[in-house]
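Input: a single structure, listed below in structure tokens.
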Amino acid sequence: MRWKRTMQLLDVHAEGEIGKVAIGGVPKIPGATTAEKLAWLNSDPKGQELRRFLCLEPRGNPIGSVNLLLPPTHPEADAAFVILQPDQAHASSGSNSICVTTALLEAGIVEMQEPETIVTLETAAGLVRAKATCRDGRCERVELTMVPSFVHELDVSLDTRWGTISLDLAYGGVFYALVDVDQIGLTIEKHNAAALVAAGMELKAAINQAYPVVHPEIPAVSGVAYVMFRSVDPDGAVRTCTTMWPGRADRSPCGTGNSANLATLYARGKVAKGDVFTSRSIIGSEFRVGLKEVTSVGNRPAVIPTISGRGFTFGQQTVALDPFDPLAGGFAMTDVWGPSAGDIKG
């Protein structure tokens with residue numbers, strides 16, 4: 001073969017959301033910390049080239065993420081990882097943390113202990129503790145202790161084509177804008193996915209222009225990454241739809257989004273330490289969300305969330321770069337990727 005680069009990916013999904021895990025062939029990423037590696041991936045042309053190689057066509061597709069397994073820099077961590085998506089590299093994700101934990105254990109990279117294995121993951125947002133329930137060589141369920149989550153601002157007003165809407169800005173590993181879905185005249189159901197995504201992309205652009213946000217302790221984490229629509233089902237479960245660039249809906253209930261939402265619920269006095277509730281995705285899959293501890297980030301009150309869900313492996317592949325391929329740099333088209341794909345160069 002005349003391939004210039006090859007990487008081995010393990011196919012995993014967490015409650016429907018695909019999070020492929022690069023378990024072989026990952027190049028050395030510059031940076032003394034995972035946060036610095038994240039910043040390099042988002043700023044250096046070689047980092048952007050790697051993201052395009054993995055996330056865009058012909059090797060990638062608009063659904064899911066690719067997780068780069070990296071050597072940990074924190075002494076307590078078993079592994080580090082950064083999440084690659086078509087728009088940029090991201091700091092943290094609940095569904096991807098479940099996918100990475102499942103991959104580490106079922107691929108034998110971290111030794112599985114039954115009935116429970118503790119895996120410490122290093123992300124650019126901090127350490128995530130994963131408690132994996134294991135049986136017969138399989139990772140059955142993963143409970144994550146997430147990074148501290150906090151409210152940036154509640155009840156922010158934004159003038160939109162739907163009128164003036166109210167939203168919350170909160171951090172759950174990345175920054176979210178949290179919007180009650182009835183304000184845009186929709187419900188969180190599969191047949192509304194395209195309309196929800198279109199609204200989310202429009203709102204995200206307007207929110208980032210009007211309300212810049214930066215993590216008070218991690219400057220590499222800035223800007224609203226996602227708009228998450230929310231509602232409450234008749235049984236009390238929180239129904240969510242996180243909208244992701246360039247135009248798709250998260251298939252899982254969204255771990256970092258629920259962490260951010262948990263911070264808003266705590267700020268409003270609707271949950272207390274020890275509470276656990278169900279969050280349901282647009283396809284009906286579920287996470288269990290808990291409030292483990294109360295803490296602070298800088299001078300902001302914060303919560304330590306737990307997110308519990310299931311990961312499943314479903315394949316393995318080798319992706320390769322042919323140096324003679326004129327489309328090797330990756331591309332995306334609006335017919336599949338959505339209208340925002342027109343912003344992708346190449």
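To be explicit about the labels: the chains of the structure tokens are called A, B, and onward in the order shown, and within each one the residues are counted from 1, while ligands get numbers from 1 in the order they are shown.
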message: When you look at A:His215 with a cut-off of 10 Å (counting only C-alpha atoms), what residues show up, excluding the ones that are within fewer than 2 positions of it in the same chain? I need them as a PyMOL selection string.
response: chain A and resi 125+152+171+173-175+213+217-223+297-298
query: Any idea what's packed within 12 Å of stretch 323-326 of chain A, counting only C-alpha atoms, ignoring anything in its chain fewer than 4 positions away? Could you give it as a ChimeraX atom specification?
result: /A:1-6,53,58,330-331,346
Write the residues of the preceding selection, restricted to all heavy atoms, as an mmCIF file, in the first residue's frame.
data_model
loop_
_atom_site.group_PDB
_atom_site.id
_atom_site.type_symbol
_atom_site.label_atom_id
_atom_site.label_comp_id
_atom_site.auth_asym_id
_atom_site.auth_seq_id
_atom_site.Cartn_x
_atom_site.Cartn_y
_atom_site.Cartn_z
ATOM 1 N N MET A 1 0.840 -1.195 0.000
ATOM 2 C CA MET A 1 0.000 0.000 0.000
ATOM 3 C C MET A 1 0.881 1.255 0.000
ATOM 4 O O MET A 1 1.943 1.269 0.618
ATOM 5 C CB MET A 1 -0.904 0.012 1.244
ATOM 6 C CG MET A 1 -1.927 -1.106 1.282
ATOM 7 S SD MET A 1 -3.216 -0.901 0.012
ATOM 8 C CE MET A 1 -4.289 -2.269 0.445
ATOM 9 N N ARG A 2 0.393 2.326 -0.618
ATOM 10 C CA ARG A 2 1.160 3.555 -0.694
ATOM 11 C C ARG A 2 0.662 4.590 0.324
ATOM 12 O O ARG A 2 0.877 5.777 0.162
ATOM 13 C CB ARG A 2 1.058 4.136 -2.108
ATOM 14 C CG ARG A 2 -0.374 4.438 -2.529
ATOM 15 C CD ARG A 2 -0.465 4.821 -3.989
ATOM 16 N NE ARG A 2 -1.822 5.156 -4.387
ATOM 17 C CZ ARG A 2 -2.177 5.421 -5.633
ATOM 18 N NH1 ARG A 2 -1.274 5.363 -6.599
ATOM 19 N NH2 ARG A 2 -3.427 5.727 -5.936
ATOM 20 N N TRP A 3 -0.021 4.123 1.354
ATOM 21 C CA TRP A 3 -0.613 5.034 2.327
ATOM 22 C C TRP A 3 0.444 5.828 3.071
ATOM 23 O O TRP A 3 1.491 5.294 3.468
ATOM 24 C CB TRP A 3 -1.468 4.266 3.325
ATOM 25 C CG TRP A 3 -2.683 3.648 2.705
ATOM 26 C CD1 TRP A 3 -3.326 4.021 1.561
ATOM 27 C CD2 TRP A 3 -3.400 2.517 3.215
ATOM 28 N NE1 TRP A 3 -4.400 3.221 1.321
ATOM 29 C CE2 TRP A 3 -4.479 2.280 2.314
ATOM 30 C CE3 TRP A 3 -3.248 1.676 4.316
ATOM 31 C CZ2 TRP A 3 -5.399 1.239 2.511
ATOM 32 C CZ3 TRP A 3 -4.159 0.663 4.515
ATOM 33 C CH2 TRP A 3 -5.220 0.445 3.612
ATOM 34 N N LYS A 4 0.145 7.105 3.285
ATOM 35 C CA LYS A 4 1.040 7.991 4.013
ATOM 36 C C LYS A 4 0.783 7.922 5.511
ATOM 37 O O LYS A 4 1.691 8.109 6.321
ATOM 38 C CB LYS A 4 0.848 9.431 3.509
ATOM 39 C CG LYS A 4 1.752 10.458 4.160
ATOM 40 C CD LYS A 4 1.491 11.830 3.568
ATOM 41 C CE LYS A 4 2.366 12.892 4.234
ATOM 42 N NZ LYS A 4 2.076 14.242 3.662
ATOM 43 N N ARG A 5 -0.475 7.672 5.906
ATOM 44 C CA ARG A 5 -0.853 7.614 7.319
ATOM 45 C C ARG A 5 -1.967 6.592 7.477
ATOM 46 O O ARG A 5 -2.859 6.499 6.633
ATOM 47 C CB ARG A 5 -1.344 8.980 7.793
ATOM 48 C CG ARG A 5 -2.071 8.965 9.150
ATOM 49 C CD ARG A 5 -2.718 10.305 9.454
ATOM 50 N NE ARG A 5 -1.717 11.302 9.773
ATOM 51 C CZ ARG A 5 -1.929 12.613 9.662
ATOM 52 N NH1 ARG A 5 -3.078 13.059 9.187
ATOM 53 N NH2 ARG A 5 -0.980 13.462 9.994
ATOM 54 N N THR A 6 -1.915 5.813 8.538
ATOM 55 C CA THR A 6 -3.025 4.928 8.887
ATOM 56 C C THR A 6 -3.345 5.096 10.361
ATOM 57 O O THR A 6 -2.449 5.349 11.183
ATOM 58 C CB THR A 6 -2.699 3.448 8.605
ATOM 59 O OG1 THR A 6 -1.574 3.046 9.396
ATOM 60 C CG2 THR A 6 -2.398 3.210 7.135
ATOM 61 N N PHE A 53 -8.955 15.022 8.355
ATOM 62 C CA PHE A 53 -8.656 13.660 7.914
ATOM 63 C C PHE A 53 -9.629 12.660 8.532
ATOM 64 O O PHE A 53 -10.110 11.735 7.868
ATOM 65 C CB PHE A 53 -7.208 13.325 8.300
ATOM 66 C CG PHE A 53 -6.846 11.870 8.185
ATOM 67 C CD1 PHE A 53 -6.686 11.273 6.945
ATOM 68 C CD2 PHE A 53 -6.639 11.106 9.328
ATOM 69 C CE1 PHE A 53 -6.335 9.931 6.842
ATOM 70 C CE2 PHE A 53 -6.293 9.770 9.234
ATOM 71 C CZ PHE A 53 -6.141 9.173 7.988
ATOM 72 N N PRO A 58 -13.795 11.709 2.606
ATOM 73 C CA PRO A 58 -14.502 10.445 2.439
ATOM 74 C C PRO A 58 -14.391 9.481 3.622
ATOM 75 O O PRO A 58 -15.060 8.453 3.630
ATOM 76 C CB PRO A 58 -13.817 9.838 1.211
ATOM 77 C CG PRO A 58 -12.399 10.340 1.314
ATOM 78 C CD PRO A 58 -12.516 11.737 1.862
ATOM 79 N N GLY A 330 -10.274 16.199 2.704
ATOM 80 C CA GLY A 330 -11.601 16.120 3.284
ATOM 81 C C GLY A 330 -12.542 17.164 2.728
ATOM 82 O O GLY A 330 -12.136 18.249 2.317
ATOM 83 N N PHE A 331 -13.824 16.827 2.708
ATOM 84 C CA PHE A 331 -14.829 17.749 2.206
ATOM 85 C C PHE A 331 -16.169 17.415 2.844
ATOM 86 O O PHE A 331 -16.359 16.354 3.447
ATOM 87 C CB PHE A 331 -14.930 17.660 0.677
ATOM 88 C CG PHE A 331 -15.424 16.331 0.170
ATOM 89 C CD1 PHE A 331 -16.767 16.110 -0.076
ATOM 90 C CD2 PHE A 331 -14.523 15.286 -0.050
ATOM 91 C CE1 PHE A 331 -17.217 14.878 -0.527
ATOM 92 C CE2 PHE A 331 -14.965 14.052 -0.513
ATOM 93 C CZ PHE A 331 -16.321 13.852 -0.752
ATOM 94 N N GLY A 346 -12.839 23.470 1.191
ATOM 95 C CA GLY A 346 -12.396 22.229 0.587
ATOM 96 C C GLY A 346 -13.540 21.388 0.072
ATOM 97 O O GLY A 346 -14.694 21.677 0.261
#
task: Find the residues around stretch 234-244 of chain A up to 8 Å (only C-alpha atoms counted), leave out those fewer than 4 positions away in its own chain, and share them as a ChimeraX atom specification.
output: /A:188,196-197,200-201,226-230,248-251,253-254,257,277-282
For N, CA and C atoms, I'd like the residues from the last selection saved as a PDB file, in the first residue's frame.
ATOM      1  N   ILE A 188     -39.438  18.086  21.121  1.00  0.00           N
ATOM      2  CA  ILE A 188     -38.234  17.280  20.910  1.00  0.00           C
ATOM      3  C   ILE A 188     -38.655  15.871  20.508  1.00  0.00           C
ATOM      4  N   LEU A 196     -35.136  21.481  14.490  1.00  0.00           N
ATOM      5  CA  LEU A 196     -34.418  21.800  15.730  1.00  0.00           C
ATOM      6  C   LEU A 196     -32.967  22.163  15.438  1.00  0.00           C
ATOM      7  N   VAL A 197     -32.348  21.394  14.554  1.00  0.00           N
ATOM      8  CA  VAL A 197     -30.947  21.663  14.217  1.00  0.00           C
ATOM      9  C   VAL A 197     -30.800  23.017  13.527  1.00  0.00           C
ATOM     10  N   GLY A 200     -31.065  25.590  16.136  1.00  0.00           N
ATOM     11  CA  GLY A 200     -29.881  25.585  17.000  1.00  0.00           C
ATOM     12  C   GLY A 200     -28.687  26.253  16.362  1.00  0.00           C
ATOM     13  N   MET A 201     -28.466  26.018  15.075  1.00  0.00           N
ATOM     14  CA  MET A 201     -27.339  26.645  14.390  1.00  0.00           C
ATOM     15  C   MET A 201     -27.526  28.161  14.299  1.00  0.00           C
ATOM     16  N   TYR A 226     -22.527  24.495  21.972  1.00  0.00           N
ATOM     17  CA  TYR A 226     -23.768  23.869  21.528  1.00  0.00           C
ATOM     18  C   TYR A 226     -24.975  24.611  22.091  1.00  0.00           C
ATOM     19  N   VAL A 227     -26.065  24.547  21.361  1.00  0.00           N
ATOM     20  CA  VAL A 227     -27.382  24.932  21.873  1.00  0.00           C
ATOM     21  C   VAL A 227     -28.125  23.639  22.193  1.00  0.00           C
ATOM     22  N   MET A 228     -28.582  23.508  23.439  1.00  0.00           N
ATOM     23  CA  MET A 228     -29.358  22.336  23.839  1.00  0.00           C
ATOM     24  C   MET A 228     -30.783  22.767  24.145  1.00  0.00           C
ATOM     25  N   PHE A 229     -31.735  22.189  23.412  1.00  0.00           N
ATOM     26  CA  PHE A 229     -33.143  22.403  23.692  1.00  0.00           C
ATOM     27  C   PHE A 229     -33.585  21.426  24.776  1.00  0.00           C
ATOM     28  N   ARG A 230     -34.518  21.867  25.616  1.00  0.00           N
ATOM     29  CA  ARG A 230     -34.950  21.032  26.738  1.00  0.00           C
ATOM     30  C   ARG A 230     -36.451  21.175  26.949  1.00  0.00           C
ATOM     31  N   ARG A 248     -26.655  18.735  12.889  1.00  0.00           N
ATOM     32  CA  ARG A 248     -27.182  17.439  13.294  1.00  0.00           C
ATOM     33  C   ARG A 248     -27.594  17.494  14.758  1.00  0.00           C
ATOM     34  N   ALA A 249     -28.319  16.470  15.193  1.00  0.00           N
ATOM     35  CA  ALA A 249     -28.766  16.367  16.575  1.00  0.00           C
ATOM     36  C   ALA A 249     -28.004  15.253  17.284  1.00  0.00           C
ATOM     37  N   ASP A 250     -27.591  15.521  18.511  1.00  0.00           N
ATOM     38  CA  ASP A 250     -26.991  14.491  19.364  1.00  0.00           C
ATOM     39  C   ASP A 250     -28.013  13.375  19.561  1.00  0.00           C
ATOM     40  N   ARG A 251     -27.596  12.148  19.324  1.00  0.00           N
ATOM     41  CA  ARG A 251     -28.501  11.004  19.506  1.00  0.00           C
ATOM     42  C   ARG A 251     -28.650  10.611  20.978  1.00  0.00           C
ATOM     43  N   PRO A 253     -28.706  11.569  25.274  1.00  0.00           N
ATOM     44  CA  PRO A 253     -29.256  12.678  26.065  1.00  0.00           C
ATOM     45  C   PRO A 253     -28.249  13.795  26.319  1.00  0.00           C
ATOM     46  N   CYS A 254     -26.947  13.552  26.089  1.00  0.00           N
ATOM     47  CA  CYS A 254     -25.882  14.546  26.183  1.00  0.00           C
ATOM     48  C   CYS A 254     -25.403  14.735  27.622  1.00  0.00           C
ATOM     49  N   GLY A 257     -24.140  18.467  28.345  1.00  0.00           N
ATOM     50  CA  GLY A 257     -25.315  19.322  28.330  1.00  0.00           C
ATOM     51  C   GLY A 257     -26.168  19.133  29.565  1.00  0.00           C
ATOM     52  N   PHE A 277     -32.070  11.911  38.500  1.00  0.00           N
ATOM     53  CA  PHE A 277     -33.234  11.916  37.623  1.00  0.00           C
ATOM     54  C   PHE A 277     -32.845  11.351  36.263  1.00  0.00           C
ATOM     55  N   THR A 278     -33.853  11.088  35.447  1.00  0.00           N
ATOM     56  CA  THR A 278     -33.647  10.544  34.109  1.00  0.00           C
ATOM     57  C   THR A 278     -33.634  11.666  33.079  1.00  0.00           C
ATOM     58  N   SER A 279     -32.706  11.601  32.142  1.00  0.00           N
ATOM     59  CA  SER A 279     -32.718  12.469  30.972  1.00  0.00           C
ATOM     60  C   SER A 279     -32.889  11.597  29.744  1.00  0.00           C
ATOM     61  N   ARG A 280     -33.772  12.030  28.848  1.00  0.00           N
ATOM     62  CA  ARG A 280     -34.143  11.226  27.682  1.00  0.00           C
ATOM     63  C   ARG A 280     -33.782  11.981  26.404  1.00  0.00           C
ATOM     64  N   SER A 281     -33.246  11.269  25.439  1.00  0.00           N
ATOM     65  CA  SER A 281     -32.800  11.903  24.198  1.00  0.00           C
ATOM     66  C   SER A 281     -33.928  11.992  23.184  1.00  0.00           C
ATOM     67  N   ILE A 282     -33.633  12.597  22.047  1.00  0.00           N
ATOM     68  CA  ILE A 282     -34.606  12.735  20.969  1.00  0.00           C
ATOM     69  C   ILE A 282     -35.002  11.374  20.398  1.00  0.00           C
TER      70      ILE A 282
END
task: Please provide the set of residues having any atom within 10 Å of A:Val224, restricted to only C-alpha atoms, with same-chain residues fewer than 4 positions apart removed, written as number ranges by chain.
output: A: 169-171, 174-177, 204-205, 207-209, 211-214
Write the residues you've just listed into a file as a PDB file, in the first residue's frame, and include N, CA, C and O atoms for each of them.
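In the end it all went to out_33.pdb:
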ATOM      1  N   LEU A 169     -26.998  30.353  30.054  1.00  0.00           N
ATOM      2  CA  LEU A 169     -25.631  30.049  29.654  1.00  0.00           C
ATOM      3  C   LEU A 169     -24.963  29.317  30.805  1.00  0.00           C
ATOM      4  O   LEU A 169     -24.899  29.837  31.925  1.00  0.00           O
ATOM      5  N   ALA A 170     -24.500  28.107  30.551  1.00  0.00           N
ATOM      6  CA  ALA A 170     -23.919  27.299  31.620  1.00  0.00           C
ATOM      7  C   ALA A 170     -22.815  26.412  31.062  1.00  0.00           C
ATOM      8  O   ALA A 170     -22.772  26.107  29.861  1.00  0.00           O
ATOM      9  N   TYR A 171     -21.951  25.980  31.963  1.00  0.00           N
ATOM     10  CA  TYR A 171     -20.786  25.168  31.610  1.00  0.00           C
ATOM     11  C   TYR A 171     -20.939  23.773  32.211  1.00  0.00           C
ATOM     12  O   TYR A 171     -21.257  23.619  33.405  1.00  0.00           O
ATOM     13  N   VAL A 174     -18.055  21.907  28.468  1.00  0.00           N
ATOM     14  CA  VAL A 174     -18.011  22.946  27.445  1.00  0.00           C
ATOM     15  C   VAL A 174     -19.184  23.866  27.740  1.00  0.00           C
ATOM     16  O   VAL A 174     -20.043  23.556  28.566  1.00  0.00           O
ATOM     17  N   PHE A 175     -19.240  25.009  27.070  1.00  0.00           N
ATOM     18  CA  PHE A 175     -20.324  25.955  27.328  1.00  0.00           C
ATOM     19  C   PHE A 175     -21.553  25.621  26.474  1.00  0.00           C
ATOM     20  O   PHE A 175     -21.440  25.292  25.292  1.00  0.00           O
ATOM     21  N   TYR A 176     -22.714  25.768  27.115  1.00  0.00           N
ATOM     22  CA  TYR A 176     -23.997  25.520  26.476  1.00  0.00           C
ATOM     23  C   TYR A 176     -24.900  26.735  26.589  1.00  0.00           C
ATOM     24  O   TYR A 176     -24.856  27.467  27.587  1.00  0.00           O
ATOM     25  N   ALA A 177     -25.736  26.910  25.570  1.00  0.00           N
ATOM     26  CA  ALA A 177     -26.927  27.738  25.687  1.00  0.00           C
ATOM     27  C   ALA A 177     -28.104  26.775  25.815  1.00  0.00           C
ATOM     28  O   ALA A 177     -28.294  25.897  24.962  1.00  0.00           O
ATOM     29  N   LYS A 204     -27.029  29.583  17.884  1.00  0.00           N
ATOM     30  CA  LYS A 204     -25.639  29.539  18.331  1.00  0.00           C
ATOM     31  C   LYS A 204     -24.837  30.713  17.786  1.00  0.00           C
ATOM     32  O   LYS A 204     -24.077  31.368  18.518  1.00  0.00           O
ATOM     33  N   ALA A 205     -24.998  30.996  16.506  1.00  0.00           N
ATOM     34  CA  ALA A 205     -24.254  32.110  15.905  1.00  0.00           C
ATOM     35  C   ALA A 205     -24.627  33.429  16.579  1.00  0.00           C
ATOM     36  O   ALA A 205     -23.748  34.253  16.887  1.00  0.00           O
ATOM     37  N   ILE A 207     -25.935  33.894  19.612  1.00  0.00           N
ATOM     38  CA  ILE A 207     -25.543  33.898  21.025  1.00  0.00           C
ATOM     39  C   ILE A 207     -24.053  34.189  21.172  1.00  0.00           C
ATOM     40  O   ILE A 207     -23.635  34.993  22.013  1.00  0.00           O
ATOM     41  N   ASN A 208     -23.235  33.555  20.347  1.00  0.00           N
ATOM     42  CA  ASN A 208     -21.785  33.790  20.452  1.00  0.00           C
ATOM     43  C   ASN A 208     -21.414  35.216  20.077  1.00  0.00           C
ATOM     44  O   ASN A 208     -20.423  35.757  20.593  1.00  0.00           O
ATOM     45  N   GLN A 209     -22.192  35.826  19.216  1.00  0.00           N
ATOM     46  CA  GLN A 209     -21.933  37.216  18.872  1.00  0.00           C
ATOM     47  C   GLN A 209     -22.346  38.147  20.014  1.00  0.00           C
ATOM     48  O   GLN A 209     -21.657  39.128  20.311  1.00  0.00           O
ATOM     49  N   TYR A 211     -22.983  37.201  23.372  1.00  0.00           N
ATOM     50  CA  TYR A 211     -22.566  36.843  24.734  1.00  0.00           C
ATOM     51  C   TYR A 211     -21.288  35.994  24.709  1.00  0.00           C
ATOM     52  O   TYR A 211     -21.339  34.762  24.798  1.00  0.00           O
ATOM     53  N   PRO A 212     -20.120  36.603  24.581  1.00  0.00           N
ATOM     54  CA  PRO A 212     -18.876  35.835  24.629  1.00  0.00           C
ATOM     55  C   PRO A 212     -18.653  35.250  26.020  1.00  0.00           C
ATOM     56  O   PRO A 212     -18.913  35.914  27.031  1.00  0.00           O
ATOM     57  N   VAL A 213     -18.212  34.004  26.074  1.00  0.00           N
ATOM     58  CA  VAL A 213     -17.958  33.331  27.352  1.00  0.00           C
ATOM     59  C   VAL A 213     -16.585  32.682  27.320  1.00  0.00           C
ATOM     60  O   VAL A 213     -16.159  32.150  26.290  1.00  0.00           O
ATOM     61  N   VAL A 214     -15.887  32.720  28.459  1.00  0.00           N
ATOM     62  CA  VAL A 214     -14.577  32.085  28.621  1.00  0.00           C
ATOM     63  C   VAL A 214     -14.542  31.438  29.987  1.00  0.00           C
ATOM     64  O   VAL A 214     -14.991  32.033  30.982  1.00  0.00           O
TER      65      VAL A 214
END
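All residues of protein, DNA or RNA that reach within 12 Å of A:Gln317, judged by only C-alpha atoms and not counting those fewer than 4 positions away in the chain, are Thr6, Met7, Gln8, Leu9, Leu10, Asp11, Val12, Lys20, Val21, Ala22, Ile23, Gly24, Leu54, Arg59, Gly60 and Thr313 of chain A.
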Residues just named, written with C-alpha atoms as an mmCIF file, in the first residue's frame:
data_model
loop_
_atom_site.group_PDB
_atom_site.id
_atom_site.type_symbol
_atom_site.label_atom_id
_atom_site.label_comp_id
_atom_site.auth_asym_id
_atom_site.auth_seq_id
_atom_site.Cartn_x
_atom_site.Cartn_y
_atom_site.Cartn_z
ATOM 1 C CA THR A 6 -3.025 4.928 8.887
ATOM 2 C CA MET A 7 -5.070 4.994 12.084
ATOM 3 C CA GLN A 8 -7.096 2.293 13.766
ATOM 4 C CA LEU A 9 -10.551 3.235 15.055
ATOM 5 C CA LEU A 10 -12.812 1.233 17.351
ATOM 6 C CA ASP A 11 -16.492 1.905 16.622
ATOM 7 C CA VAL A 12 -18.472 2.665 19.779
ATOM 8 C CA LYS A 20 -15.212 6.330 17.543
ATOM 9 C CA VAL A 21 -11.994 5.840 19.503
ATOM 10 C CA ALA A 22 -8.598 6.114 17.796
ATOM 11 C CA ILE A 23 -6.702 3.275 19.456
ATOM 12 C CA GLY A 24 -3.747 3.071 17.064
ATOM 13 C CA LEU A 54 -10.774 11.875 10.526
ATOM 14 C CA ARG A 59 -13.399 8.867 5.761
ATOM 15 C CA GLY A 60 -15.786 10.661 8.102
ATOM 16 C CA THR A 313 -18.773 -1.534 20.450
#
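Distance-wise, atom CA of A:Arg135 and atom CA of A:Gly290 end up 23.8 Å apart.
If you measure from each of A:Gly137, A:Gly247, A:Gly64, A:Gly25 to A:Ala107 using only C-alpha atoms, the closest one turns out to be A:Gly137.
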task: Could you give me, as a ChimeraX atom specification, the residues within 8 Å of A:Leu38, counting only C-alpha atoms and dropping anything in the same chain fewer than 4 positions from it?
output: /A:34,42,82,89-91,124,220
Based on the selection just made, write all heavy atoms of those residues as an mmCIF file, in the first residue's frame.
data_model
loop_
_atom_site.group_PDB
_atom_site.id
_atom_site.type_symbol
_atom_site.label_atom_id
_atom_site.label_comp_id
_atom_site.auth_asym_id
_atom_site.auth_seq_id
_atom_site.Cartn_x
_atom_site.Cartn_y
_atom_site.Cartn_z
ATOM 1 N N THR A 34 -3.247 18.342 28.446
ATOM 2 C CA THR A 34 -4.294 18.036 27.475
ATOM 3 C C THR A 34 -4.965 19.316 26.985
ATOM 4 O O THR A 34 -5.364 19.411 25.817
ATOM 5 C CB THR A 34 -5.319 17.069 28.093
ATOM 6 O OG1 THR A 34 -4.630 15.877 28.512
ATOM 7 C CG2 THR A 34 -6.380 16.663 27.089
ATOM 8 N N ASN A 42 -6.741 22.998 17.641
ATOM 9 C CA ASN A 42 -7.663 23.997 17.113
ATOM 10 C C ASN A 42 -6.973 25.176 16.440
ATOM 11 O O ASN A 42 -7.633 25.963 15.757
ATOM 12 C CB ASN A 42 -8.572 24.515 18.231
ATOM 13 C CG ASN A 42 -9.703 23.554 18.533
ATOM 14 O OD1 ASN A 42 -10.176 22.844 17.654
ATOM 15 N ND2 ASN A 42 -10.147 23.533 19.776
ATOM 16 N N VAL A 82 -8.959 13.720 23.523
ATOM 17 C CA VAL A 82 -9.555 14.948 22.998
ATOM 18 C C VAL A 82 -10.589 14.537 21.964
ATOM 19 O O VAL A 82 -10.377 13.589 21.194
ATOM 20 C CB VAL A 82 -8.495 15.871 22.378
ATOM 21 C CG1 VAL A 82 -9.146 17.022 21.624
ATOM 22 C CG2 VAL A 82 -7.560 16.416 23.446
ATOM 23 N N ALA A 89 -11.835 20.732 17.709
ATOM 24 C CA ALA A 89 -11.595 19.792 18.799
ATOM 25 C C ALA A 89 -12.290 20.323 20.047
ATOM 26 O O ALA A 89 -12.282 21.526 20.312
ATOM 27 C CB ALA A 89 -10.101 19.636 19.050
ATOM 28 N N HIS A 90 -12.894 19.430 20.821
ATOM 29 C CA HIS A 90 -13.655 19.824 22.008
ATOM 30 C C HIS A 90 -13.044 19.224 23.263
ATOM 31 O O HIS A 90 -12.374 18.190 23.230
ATOM 32 C CB HIS A 90 -15.114 19.404 21.862
ATOM 33 C CG HIS A 90 -15.850 20.168 20.811
ATOM 34 N ND1 HIS A 90 -16.485 21.360 21.063
ATOM 35 C CD2 HIS A 90 -16.032 19.920 19.484
ATOM 36 C CE1 HIS A 90 -17.044 21.820 19.955
ATOM 37 N NE2 HIS A 90 -16.781 20.952 18.979
ATOM 38 N N ALA A 91 -13.333 19.890 24.390
ATOM 39 C CA ALA A 91 -12.657 19.569 25.641
ATOM 40 C C ALA A 91 -13.246 18.372 26.357
ATOM 41 O O ALA A 91 -12.514 17.588 26.979
ATOM 42 C CB ALA A 91 -12.687 20.793 26.571
ATOM 43 N N ALA A 124 -9.307 17.939 28.563
ATOM 44 C CA ALA A 124 -8.835 19.319 28.637
ATOM 45 C C ALA A 124 -9.595 20.121 29.686
ATOM 46 O O ALA A 124 -9.120 21.150 30.156
ATOM 47 C CB ALA A 124 -8.964 19.989 27.271
ATOM 48 N N ALA A 220 -8.441 28.012 27.262
ATOM 49 C CA ALA A 220 -8.614 27.273 26.007
ATOM 50 C C ALA A 220 -10.064 26.880 25.761
ATOM 51 O O ALA A 220 -10.438 26.529 24.643
ATOM 52 C CB ALA A 220 -7.730 26.022 26.000
#
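Once A:Val303 and its same-chain neighbours fewer than 5 positions away are set aside, A:Pro148, A:Ser149, A:Phe150, A:Leu262, A:Ala263, A:Tyr266, A:Leu291, A:Lys292, A:Glu293, A:Val294, A:Thr295, A:Ser296 remain within 8 Å of it when counting only C-alpha atoms.
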query: Which residues in stretch 86-308 of chain A does DSSP call alpha helix (DSSP H)? List them as a VMD selection string.
result: chain A and resid 94 to 106 193 to 210 255 to 267
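Counting from atom CA of A:Glu286, the distance to atom CA of A:Gly311 is 11.8 Å.
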field: stretch 117-209 of chain A: residues DSSP assigns to strand (DSSP E or B), reported as a ChimeraX atom specification
entry: /A:117-123,126-135,138-145,149-160,163-171,175-180
